[in-house]
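Report on the structure given below.
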Amino acid sequence: MSIDTLGPLLPAVPFVAALLGLLLPQRSRTVAAVLGIGGAAGALLIAIDLALRVDEPYSTSVELVRFGNLPVMFGVLIDQPTLLVALAVGVVALAVQVYSVAYLADDDRYAPYAAQVSLFTAAMLLVVVSGDLIVLLVGWEVMGICSYLLIGHDRRLPEAPKAAVKAFIVTRVGDVGFLLGIVVLGVNAGSFQIADVVGSPLSTTEGTVAALLLLAGVAGKSAQFPLHTWLPDAMAGPTPISALIHAATMVAAGIYVVARLYPVFSASPVPLAVLGVMAAITMLLGALAATAQDDIKRVLAWSTVSQLAYMVGALAVGAPGVALFHLLTHAAFKALLFLAAGSVIHAVGSNLMSTMGGLRRGMPVTFWSTTIGLGALIGLPPLAGFWSKDAILAAASEETGWVAVLVFVSGVVTVLVTAWYATRLWLRTFFGEPRSDAARHPHEPPGAMAWPVALLAVPSALLGFAAFSGGFETRLGVHDLAHLDASVLIPLGFLAAGVLAAWLVWRRDTAADPARVLGPLRPVFANAFYIDNVQDALVVQPVRALARSVRRVDESIVDGAVEGTGDGTLRLGEAVAGVHRAGLSRAATAVLAGALLIGLAAVALGGVQ
Amino acid sequence: MILVAVLAIPAVFAVVVALLGDRIGRIVGTAAATLTFLTSLLLAVRDDPDPLPVGGRAIQPWQELNVPWVPGLDLRFHLGVDGISYPLVVLTTLLTLLCCVYTLWMVPDAGRGRLLTALLLVIEVGIVGTFLALDLVLFFVFFEVVLLPMYAVIAVWGGEGRRHAARKFVLYTLFGSVLLLVGVFTIVAATGTADIIRLTATSGAGMSRTTQLVAFVLLAVAFAVKSPLWPLHTWLPDAHTEAPTVGSVILAGVLLKMGTYGLIRVAVGVTPDGAARVAPVLGVLAVAAILVGSLVCLAQTELKRLIAYSSVGHMGFVLLGIATLSAVGIQAALIGNIAHGLITGLLFFLAGAIKDRAHTGDLTRLGGLRETAPTLAGILGFAAIASLGLPGLAGFWGEAFAVVASFQRGGPLWTVLAVAAAIGGAVTAAYFLRLLRKVTHGPAAPSVASMPRLSPAEFVSWAPLIVLTLVVGLLPALVLGMAFDPVWSLTYDGSLVWFSR
């Protein structure tokens with residue numbers, strides 16, 4: 001098949017699988033599993049085929065609809081970074097679909113779940129390959145609705161529906177800005193095609209405004225400060241969903257869009273400065289919040305927020321290719337960590353690390369895979385995360401300006417905190433004495449769950465070496481991706497300090513939580529500096545109060561005027577009718593009075609000739 | 001002629017159905033509705049497949065009928081269909097058909113289902129006639145035909161507060177109609193003709209600027225009551241809440257579109273100069289409708305009332321599109337019309353199904369619908385997500401491109417309106433997800449404990465709406481492709497704003 005047809009097929013295959021899956025009755029497990037796994041596998045095969053065959057960027061487009069002088073084109077714009085990200089999406093989606101078959105073995109709503117995961121995969125691939133901003137927006141929002149549907153999947157969790165609504169609304173707030181940014185760019189360029197938008201220069205103020213508006217959507221989707229509050233609550237969804245949507249793919253979409261539209265952002269220094277500040281704050285915020293969580297998924301969620309901030313930092317210092325490199329390695333090791341956490345939760349029956357301990361004896365495969373994943377997360381050489389994080393820090397140190405310094409310093413400090421919370425998670429879960437009955441009898445999960453975890457350990461370990469391949473470097477548009485010089489020792493020093501600190505605290509009492517040394521700061525970190533509560537007080541409650549008062553005004557004043565007119569007319573009619581019901585004496589008086597008045601008028605007017 | 005057939009079939013069969021027995025009457029009525037629907041599809045067959053380009057702002061109907069009606073008063077029976085009216089006509093005949101199918105299976109408490117079907121057919125005549133009329137006085141006549149049958153539908157088959165709601169509906173809309181009559185005769189007296197084609201082609205020549213302005217304001221207020229535009233909307237929540245299910249579907253699905261269609265065809269078409277001068281006010285009120293409608297929905301506690309207020313919000317987007325007086329805006333308004341008709345029609349069907357089964361529409365007493373009625377909950381979720389304007393489904397195009405049109409107009413006012421409309425979109429998502437959380441999620445409430453399964457009639461009446469919502473969302477050119485040329489010529493090749501300078 002020609003690459004022209006394969007491009008649009010990339011999102012189309014999982015979309016068809018999703019449509020068919022949604023029409024299935026709820027109990028049909030086998031057909032649903034075949035459709036789900038088939039859709040993901042099909043997308044992956046197409047991505048591999050395209051990656052092998054495509055050398056030069058190419059695009060196809062067909063007009064979908066025309067509004068006035070603005071066409072909306074359905075088509076693809078495929079270049080090398082596109083295909084790398086598409087590959088990552090395909091791999092993680094397939095791993096999650098296979099894993100879910102076993103994880104949801106006792107769930108009777110598996111069929112709609114698998115269909116929604118396929119729909120999500122289709123939407124993400126649409127965002128990745130789309131050549132038109134409106135069509136990209138379609139994929140962007142459909143991802144959001146799939147996230148909403150899937151977070152609320154488990155009917156046994158009372159907090160799940162609320163978390164689902166929160167996730168959608170917080171990202172929707174960001175998407176208001178995203179839509180307006182697209183509108184500004186599209187109206188200016190006369191077209192919504194990415195190639196046209198990137199090529200049409202904007203005046204500095206308008207360009208800055210458009211970039212900042214787009215950043216609102218990016219902040220929402222990629223869980224950056226201040227729109228990050230939905231991600232930890234989203235952990236109420238099933239763990240494979242946390243792996244796919246909230247770690248590897250949807251949250252990375254914001255980073256991808258910035259990289260795709262990079263000339264819009266780099267045209268003036270203001271958007272990059274905002275990106276830098278956002279990255280610095282979020283990096284530290286996420287890492288500090290992760291140090292105080294008891295729920296293993298929440299640690300990983302805050303870790304995701306922090307790692308995404310690294311990618312944002314790379315974008316802020318003018319290195320979009322490096323950001324995409326970290327996006328790819330992060331997709332591998334974060335998906336691995338979430339799926340492994342799912343295996344642990346499956347074995348222990350609880351998310352809380354205070355019920356775990358000593359699991360490495362009963363779950364060796366999970367233990368070693370998690371170790372590789374955590375090693376990649378903290379940036380331990382020679383695992384993948386080391387190379388990508390190091391590339392970001394190197395890019396920051398090579399740039400001049402306060403933004404680069406800010407990104408570098410916060411990046412290095414975050415390495416220390418990351419090492420601390422990752423070591424704490426590793427030791428609390430797998431070492432020491434078991435702290436609950438279930439932890440005393442751990443078992444490896446079934447094959448469908450164990451294999452994806454083990455297989456994801458391979459790229460988590462080895463993907464970094466791709467940085468040495470010139471082909472990979474050109475695909476990402478970076479040169480000199482792999483860095484090995486003396487400056488590497490700074491982050492490595494902080495890493496060692498963090499690991500050592502966590503291990504020493506843990507060693508004093510292997511049953512207690514190392515987070516106890518945080519003392520009074522622990523609740524502050526655990527509640528992520530109470531930003532959630534601030535947002536509730538500043539935004540949610542006032543909007544609700546406004547809604548109630550608007551309803552009152554509409555019903556009593558606006559409608560009151562209408563009803564009042566009706567009542568008033570009735571009363572006027574009764575009054576006039578009352579006058580007409582006069583008795584004989586009153587009527588006679590009225591006639592005489594009227595005659596007198598007419599006579600007077602005739603005399604007065606007759607006199608004035 | 002197909003134009004006459006599409007009006008005559010429901011008119012004649014309405015009388016026939018009223019005279020037949022109950023069950024057979026409903027079946028004959030449904031057959032008549034099917035016939036009307038199929039006939040309306042044939043309106044797409046053009047009289048002249050290769051017309052000469054006319055240029056200017058002239059309407060070029062695909063089919064036309066122009067015969068004298070009352071020669072003494074110079075009134076003509078002038079009908080025609082083009083790319084702007086065709087989708088609306090098909091939407092009307094489709095929704096009437098689906099309502100007749102629904103009435104076959106389910107008649108509200110007051111009984112006498114055949115009379116309900118007959119009234120639905122009469123309402124169809126009125127609405128389709130409004131969309132097809134190309135003579136101002138004929139337009140007014142058809143506009144009025146709808147009122148009394150709709151009043152009867154609400155007053156006889158409605159809920160508890162039906163009499164008050166029906167009276168409010170008819171008197172409020174009649175007030176608008178009086179203004180419409182005055183406006184129509186202002187135009188006829190000033191220009192000497194009631195022919196919409198001629199008036200549009202000459203852009204209301206023969207009227208002084210003041211006369212055009214007065215005429216536009218009169219027409220706009222009348223159509224604003226119908227659309228409805230805030231603050232002339234308060235008849236809507238009561239009427240929608242108290243009407244029976246099929247009444248609400250027709251009311252929300254197509255009756256409201258008479259107002260916006262009238263604005264596009266008559267007000268903007270015949271008095272464009274007046275339109276250009278009043279447009280900013282219209283835009284501000286439209287955005288007020290979006291924001292007020294969304295905020296009130298956020299505080300609503302009754303299912304049908306919430307959907308009714310959501311109509312106010314959605315029509316706000318449509319009116320914003322019209323107010324920009326640009327091709328982009330009017331196209332956004334056209335597809336917004338169709339999308340709203342499909343989606344809100346579906347929502348009212350679902351609300352009716354839920355209320356009939358749970359015997360309550362109170363959001364505090366519903367809950368956990370996906371436990372006891374998963375298919376119904378799933379379809380409700382789909383409809384709510386479509387209504388909040390999710391890209392990929394029909395509602396997105398009208399909303400997003402109303403924002404684009406407003407921004408494209410440029411200038412501080414229209415940019416602020418664009419931003420405010422986009423924010424309204426976020427509030428819309430909030431209230432629909434709140435609705436879903438209260439109705440479908442959580443533990444099953446006692447009122448939804450026993451939910452009878454969906455009947456075949458319900459599947460048949462809902463399935464076309466579900467499929468069309470998805471298809472129009474993915475392929476908006478199905479609706480807009482045919483409207484491009486008429487809208488382009490209506491707006492003087494892009495935007496009316498530059499016309500009067």
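Identifiers in the structure tokens: chain A, B, ... in order shown; residue index from 1 per chain; ligand index from 1 in order shown.
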
Requested in this report: Extract the full set of helix (DSSP H, G or I) residues from region 273-474 of chain B according to DSSP on the backbone, and format it as JSON, numbers by chain.
Outcome: {"B": [273, 274, 275, 276, 277, 278, 279, 280, 281, 282, 283, 284, 285, 286, 287, 288, 289, 290, 291, 292, 293, 294, 295, 296, 297, 298, 303, 304, 305, 306, 307, 308, 309, 310, 311, 312, 313, 314, 315, 316, 317, 318, 319, 320, 321, 322, 323, 327, 328, 329, 330, 331, 332, 333, 334, 335, 336, 337, 338, 339, 340, 341, 342, 343, 344, 345, 346, 347, 348, 349, 350, 351, 352, 353, 354, 355, 356, 357, 358, 369, 370, 371, 372, 374, 375, 376, 377, 378, 379, 380, 381, 382, 383, 384, 385, 386, 387, 395, 396, 397, 398, 399, 400, 401, 402, 403, 404, 405, 406, 407, 408, 409, 412, 413, 414, 415, 416, 417, 418, 419, 420, 421, 422, 423, 424, 425, 426, 427, 428, 429, 430, 431, 432, 433, 434, 435, 436, 437, 438, 439, 446, 447, 448, 456, 457, 458, 459, 460, 461, 462, 463, 464, 465, 466, 467, 468, 469, 470, 471, 472, 473, 474]}

Report task. Tell me which protein, DNA and RNA residues are within 7 Å of region 410-421 of chain A, counting only C-alpha atoms, leaving out same-chain ones fewer than 2 positions away, and put them as a PyMOL selection string. Result -> chain A and resi 280+283-284+287-288+290-291+378+393+406-408+423-425+491+494-495+497-499+501-502

**Report entry** Exercise: Gly161 (chain B) partners within 7 Å, only C-alpha atoms, chain neighbours under 3 positions left out, as number ranges by chain
**Finding:** B: 164-165, 242

Query raised in the report: Could you name the residues that touch Leu199 (chain B) at 8 Å or less, counting only C-alpha atoms, but leaving out those on the same chain fewer than 6 positions away, as a list in words?
Result: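 Using only C-alpha atoms, the neighbours found are Thr193, Ala205, Gly269 and Val270 of chain B.
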
Please produce a file of the residues just selected, as a JSON list (two decimals), in the first residue's frame, where the atoms kept are all heavy atoms.
[["chain", "number", "residue", "atom", "x", "y", "z"],
["B", 193, "THR", "N", -43.54, 45.23, -3.11],
["B", 193, "THR", "CA", -43.56, 43.82, -3.45],
["B", 193, "THR", "C", -43.35, 42.99, -2.19],
["B", 193, "THR", "O", -42.70, 43.44, -1.24],
["B", 193, "THR", "CB", -42.48, 43.47, -4.49],
["B", 193, "THR", "OG1", -42.44, 42.05, -4.64],
["B", 193, "THR", "CG2", -41.12, 43.93, -4.02],
["B", 205, "ALA", "N", -34.13, 47.61, -1.90],
["B", 205, "ALA", "CA", -34.19, 48.93, -2.51],
["B", 205, "ALA", "C", -35.62, 49.43, -2.48],
["B", 205, "ALA", "O", -36.55, 48.66, -2.61],
["B", 205, "ALA", "CB", -33.69, 48.84, -3.94],
["B", 269, "GLY", "N", -31.68, 38.87, 4.65],
["B", 269, "GLY", "CA", -31.81, 38.86, 3.21],
["B", 269, "GLY", "C", -32.47, 40.11, 2.67],
["B", 269, "GLY", "O", -31.98, 40.72, 1.73],
["B", 270, "VAL", "N", -33.56, 40.53, 3.32],
["B", 270, "VAL", "CA", -34.36, 41.61, 2.76],
["B", 270, "VAL", "C", -33.92, 42.99, 3.26],
["B", 270, "VAL", "O", -34.02, 43.97, 2.55],
["B", 270, "VAL", "CB", -35.85, 41.37, 3.08],
["B", 270, "VAL", "CG1", -36.70, 42.54, 2.67],
["B", 270, "VAL", "CG2", -36.33, 40.10, 2.41]]

Requested in this report: Considering only C-alpha atoms, state which residue in the set B:Trp488, B:Tyr86, B:Tyr309, B:Phe223 is at the smallest distance from chain A.
Outcome: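 Under the stated criterion, the closest residue is B:Trp488.
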
Query raised in the report: Within 7 Å of chain B, which residues of chain A show up when using only C-alpha atoms, listed as a PyMOL selection string?
Result: chain A and resi 64-65+67-68+138+141-142+158+161+165+169+172-173+176+183+187+547-548+550-551+558-559

Store the residues picked out above in a file with N, CA and C atoms, as a PDB file, in the first residue's frame.
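Final file, result05.pdb:
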ATOM      1  N   LEU A  64     -12.294  18.768   3.821  1.00  0.00           N
ATOM      2  CA  LEU A  64     -13.383  18.179   4.586  1.00  0.00           C
ATOM      3  C   LEU A  64     -14.622  19.070   4.508  1.00  0.00           C
ATOM      4  N   VAL A  65     -14.414  20.365   4.699  1.00  0.00           N
ATOM      5  CA  VAL A  65     -15.520  21.321   4.653  1.00  0.00           C
ATOM      6  C   VAL A  65     -14.904  22.704   4.473  1.00  0.00           C
ATOM      7  N   PHE A  67     -15.615  26.778   5.306  1.00  0.00           N
ATOM      8  CA  PHE A  67     -16.430  27.812   5.947  1.00  0.00           C
ATOM      9  C   PHE A  67     -15.986  29.140   5.369  1.00  0.00           C
ATOM     10  N   GLY A  68     -16.808  29.736   4.503  1.00  0.00           N
ATOM     11  CA  GLY A  68     -16.407  31.009   3.921  1.00  0.00           C
ATOM     12  C   GLY A  68     -15.111  30.826   3.163  1.00  0.00           C
ATOM     13  N   VAL A 138      -9.922  17.871  16.999  1.00  0.00           N
ATOM     14  CA  VAL A 138     -10.863  16.759  17.130  1.00  0.00           C
ATOM     15  C   VAL A 138     -10.221  15.621  17.928  1.00  0.00           C
ATOM     16  N   GLU A 141      -9.636  16.579  21.705  1.00  0.00           N
ATOM     17  CA  GLU A 141     -10.786  16.542  22.598  1.00  0.00           C
ATOM     18  C   GLU A 141     -11.340  15.130  22.760  1.00  0.00           C
ATOM     19  N   VAL A 142     -11.279  14.319  21.694  1.00  0.00           N
ATOM     20  CA  VAL A 142     -11.782  12.947  21.835  1.00  0.00           C
ATOM     21  C   VAL A 142     -10.928  12.193  22.855  1.00  0.00           C
ATOM     22  N   PRO A 158     -16.283   5.115  44.600  1.00  0.00           N
ATOM     23  CA  PRO A 158     -17.166   6.287  44.649  1.00  0.00           C
ATOM     24  C   PRO A 158     -16.484   7.568  44.213  1.00  0.00           C
ATOM     25  N   PRO A 161     -16.252   8.907  39.556  1.00  0.00           N
ATOM     26  CA  PRO A 161     -16.976   9.852  38.694  1.00  0.00           C
ATOM     27  C   PRO A 161     -16.524  11.295  38.912  1.00  0.00           C
ATOM     28  N   VAL A 165     -14.909  13.837  36.055  1.00  0.00           N
ATOM     29  CA  VAL A 165     -15.415  15.168  35.701  1.00  0.00           C
ATOM     30  C   VAL A 165     -14.318  16.204  35.876  1.00  0.00           C
ATOM     31  N   ILE A 169     -12.988  18.770  33.019  1.00  0.00           N
ATOM     32  CA  ILE A 169     -13.237  20.203  33.146  1.00  0.00           C
ATOM     33  C   ILE A 169     -11.931  20.985  33.208  1.00  0.00           C
ATOM     34  N   ARG A 172     -10.617  21.102  29.884  1.00  0.00           N
ATOM     35  CA  ARG A 172     -11.482  21.937  29.048  1.00  0.00           C
ATOM     36  C   ARG A 172     -11.185  23.414  29.249  1.00  0.00           C
ATOM     37  N   VAL A 173     -10.915  23.806  30.502  1.00  0.00           N
ATOM     38  CA  VAL A 173     -10.553  25.196  30.769  1.00  0.00           C
ATOM     39  C   VAL A 173      -9.331  25.568  29.946  1.00  0.00           C
ATOM     40  N   VAL A 176     -10.127  25.998  26.180  1.00  0.00           N
ATOM     41  CA  VAL A 176     -10.693  27.275  25.735  1.00  0.00           C
ATOM     42  C   VAL A 176      -9.579  28.099  25.102  1.00  0.00           C
ATOM     43  N   VAL A 183      -7.770  29.535  16.552  1.00  0.00           N
ATOM     44  CA  VAL A 183      -8.561  30.502  15.777  1.00  0.00           C
ATOM     45  C   VAL A 183      -7.679  31.656  15.316  1.00  0.00           C
ATOM     46  N   VAL A 187      -7.113  32.212  11.377  1.00  0.00           N
ATOM     47  CA  VAL A 187      -7.642  33.408  10.714  1.00  0.00           C
ATOM     48  C   VAL A 187      -6.501  34.211  10.108  1.00  0.00           C
ATOM     49  N   ALA A 547     -23.668  30.859  39.230  1.00  0.00           N
ATOM     50  CA  ALA A 547     -24.730  30.125  38.535  1.00  0.00           C
ATOM     51  C   ALA A 547     -26.039  30.233  39.304  1.00  0.00           C
ATOM     52  N   ARG A 548     -25.953  30.101  40.616  1.00  0.00           N
ATOM     53  CA  ARG A 548     -27.193  30.167  41.400  1.00  0.00           C
ATOM     54  C   ARG A 548     -27.814  31.546  41.313  1.00  0.00           C
ATOM     55  N   VAL A 550     -27.418  33.804  38.921  1.00  0.00           N
ATOM     56  CA  VAL A 550     -27.927  34.059  37.561  1.00  0.00           C
ATOM     57  C   VAL A 550     -29.273  33.382  37.378  1.00  0.00           C
ATOM     58  N   ARG A 551     -29.394  32.174  37.925  1.00  0.00           N
ATOM     59  CA  ARG A 551     -30.676  31.471  37.811  1.00  0.00           C
ATOM     60  C   ARG A 551     -31.767  32.258  38.508  1.00  0.00           C
ATOM     61  N   VAL A 558     -36.187  38.554  34.882  1.00  0.00           N
ATOM     62  CA  VAL A 558     -36.507  38.484  33.458  1.00  0.00           C
ATOM     63  C   VAL A 558     -37.878  37.833  33.250  1.00  0.00           C
ATOM     64  N   ASP A 559     -38.057  36.674  33.891  1.00  0.00           N
ATOM     65  CA  ASP A 559     -39.350  36.020  33.760  1.00  0.00           C
ATOM     66  C   ASP A 559     -40.400  36.792  34.539  1.00  0.00           C
TER      67      ASP A 559
END

Query raised in the report: Out of region 69-205 of chain B, which residues get strand (DSSP E or B) from DSSP, as a list in words?
Result: Trp69, Val70, Leu75, Arg76, Phe77, His78, Leu79, Gly80, Val81, Ala133, Asp135 and Asp195 of chain B

Would you save the residues from that selection as a PDB file, in the first residue's frame, using N, CA and C atoms?
ATOM      1  N   TRP B  69     -52.330  34.057  -5.928  1.00  0.00           N
ATOM      2  CA  TRP B  69     -53.093  33.492  -4.834  1.00  0.00           C
ATOM      3  C   TRP B  69     -54.306  34.366  -4.549  1.00  0.00           C
ATOM      4  N   VAL B  70     -54.066  35.606  -4.209  1.00  0.00           N
ATOM      5  CA  VAL B  70     -55.152  36.566  -4.025  1.00  0.00           C
ATOM      6  C   VAL B  70     -54.825  37.759  -4.927  1.00  0.00           C
ATOM      7  N   LEU B  75     -51.218  39.124  -3.766  1.00  0.00           N
ATOM      8  CA  LEU B  75     -50.513  38.108  -2.994  1.00  0.00           C
ATOM      9  C   LEU B  75     -50.272  36.886  -3.888  1.00  0.00           C
ATOM     10  N   ARG B  76     -49.096  36.313  -3.758  1.00  0.00           N
ATOM     11  CA  ARG B  76     -48.751  35.164  -4.578  1.00  0.00           C
ATOM     12  C   ARG B  76     -48.389  33.967  -3.706  1.00  0.00           C
ATOM     13  N   PHE B  77     -48.647  32.775  -4.231  1.00  0.00           N
ATOM     14  CA  PHE B  77     -48.274  31.533  -3.570  1.00  0.00           C
ATOM     15  C   PHE B  77     -46.924  31.135  -4.154  1.00  0.00           C
ATOM     16  N   HIS B  78     -45.882  31.544  -3.474  1.00  0.00           N
ATOM     17  CA  HIS B  78     -44.546  31.435  -4.044  1.00  0.00           C
ATOM     18  C   HIS B  78     -43.705  30.552  -3.129  1.00  0.00           C
ATOM     19  N   LEU B  79     -43.377  29.349  -3.616  1.00  0.00           N
ATOM     20  CA  LEU B  79     -42.559  28.428  -2.834  1.00  0.00           C
ATOM     21  C   LEU B  79     -41.245  28.141  -3.547  1.00  0.00           C
ATOM     22  N   GLY B  80     -40.230  27.766  -2.792  1.00  0.00           N
ATOM     23  CA  GLY B  80     -38.958  27.398  -3.413  1.00  0.00           C
ATOM     24  C   GLY B  80     -38.038  26.794  -2.380  1.00  0.00           C
ATOM     25  N   VAL B  81     -37.058  26.000  -2.842  1.00  0.00           N
ATOM     26  CA  VAL B  81     -36.120  25.377  -1.914  1.00  0.00           C
ATOM     27  C   VAL B  81     -34.713  25.580  -2.449  1.00  0.00           C
ATOM     28  N   ALA B 133     -41.437  29.034   1.974  1.00  0.00           N
ATOM     29  CA  ALA B 133     -42.117  30.219   1.448  1.00  0.00           C
ATOM     30  C   ALA B 133     -41.133  31.236   0.903  1.00  0.00           C
ATOM     31  N   ASP B 135     -42.521  34.231  -0.343  1.00  0.00           N
ATOM     32  CA  ASP B 135     -43.330  35.437  -0.367  1.00  0.00           C
ATOM     33  C   ASP B 135     -43.550  35.823   1.079  1.00  0.00           C
ATOM     34  N   ASP B 195     -42.217  39.757  -2.689  1.00  0.00           N
ATOM     35  CA  ASP B 195     -41.450  38.638  -3.228  1.00  0.00           C
ATOM     36  C   ASP B 195     -40.048  38.629  -2.627  1.00  0.00           C
TER      37      ASP B 195
END

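For the pair CA of Met150 (chain B) and CA of Val225 (chain B), the interatomic distance is 15.5 Å.
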
Query raised in the report: Any idea what's packed within 7 Å of region 515-530 of chain A, counting only C-alpha atoms, ignoring anything in its chain fewer than 3 positions away? Could you give it as a PyMOL selection string?
Result: chain A and resi 288-289+291-293+533-534

Export all heavy atoms of the chosen residues as a CSV table (one decimal), in the first residue's frame?
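Produced file selection-v2.csv, reproduced below:
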chain,number,residue,atom,x,y,z
A,288,LEU,N,8.4,17.1,44.8
A,288,LEU,CA,8.2,17.2,46.3
A,288,LEU,C,6.9,16.5,46.7
A,288,LEU,O,6.8,15.9,47.7
A,288,LEU,CB,8.1,18.7,46.7
A,288,LEU,CG,9.5,19.4,46.6
A,288,LEU,CD1,9.4,20.9,46.8
A,288,LEU,CD2,10.5,18.8,47.6
A,289,ALA,N,5.8,16.7,45.9
A,289,ALA,CA,4.5,16.0,46.2
A,289,ALA,C,4.7,14.5,46.2
A,289,ALA,O,4.1,13.8,47.0
A,289,ALA,CB,3.5,16.5,45.2
A,291,THR,N,7.2,12.8,47.2
A,291,THR,CA,7.9,12.3,48.3
A,291,THR,C,7.0,11.9,49.5
A,291,THR,O,7.4,11.2,50.3
A,291,THR,CB,8.9,13.3,48.8
A,291,THR,OG1,8.2,14.5,49.2
A,291,THR,CG2,10.0,13.7,47.8
A,292,ALA,N,5.8,12.4,49.5
A,292,ALA,CA,5.0,12.3,50.7
A,292,ALA,C,3.7,11.4,50.5
A,292,ALA,O,2.9,11.3,51.3
A,292,ALA,CB,4.5,13.6,51.2
A,293,GLN,N,3.6,10.8,49.3
A,293,GLN,CA,2.4,10.0,49.0
A,293,GLN,C,2.5,8.6,49.5
A,293,GLN,O,3.6,8.0,49.5
A,293,GLN,CB,2.1,10.0,47.5
A,293,GLN,CG,2.0,11.3,46.8
A,293,GLN,CD,0.9,12.1,47.3
A,293,GLN,OE1,-0.2,11.6,47.6
A,293,GLN,NE2,1.1,13.4,47.4
A,533,ASN,N,-7.1,23.1,46.8
A,533,ASN,CA,-8.1,23.8,47.6
A,533,ASN,C,-8.2,25.2,47.2
A,533,ASN,O,-9.2,25.8,47.2
A,533,ASN,CB,-7.7,23.7,49.1
A,533,ASN,CG,-7.4,22.3,49.6
A,533,ASN,OD1,-6.5,21.7,49.0
A,533,ASN,ND2,-8.2,21.8,50.5
A,534,VAL,N,-7.0,25.8,46.8
A,534,VAL,CA,-7.0,27.2,46.4
A,534,VAL,C,-7.9,27.3,45.1
A,534,VAL,O,-8.7,28.2,45.0
A,534,VAL,CB,-5.6,27.7,46.1
A,534,VAL,CG1,-5.6,29.0,45.3
A,534,VAL,CG2,-4.8,27.9,47.4
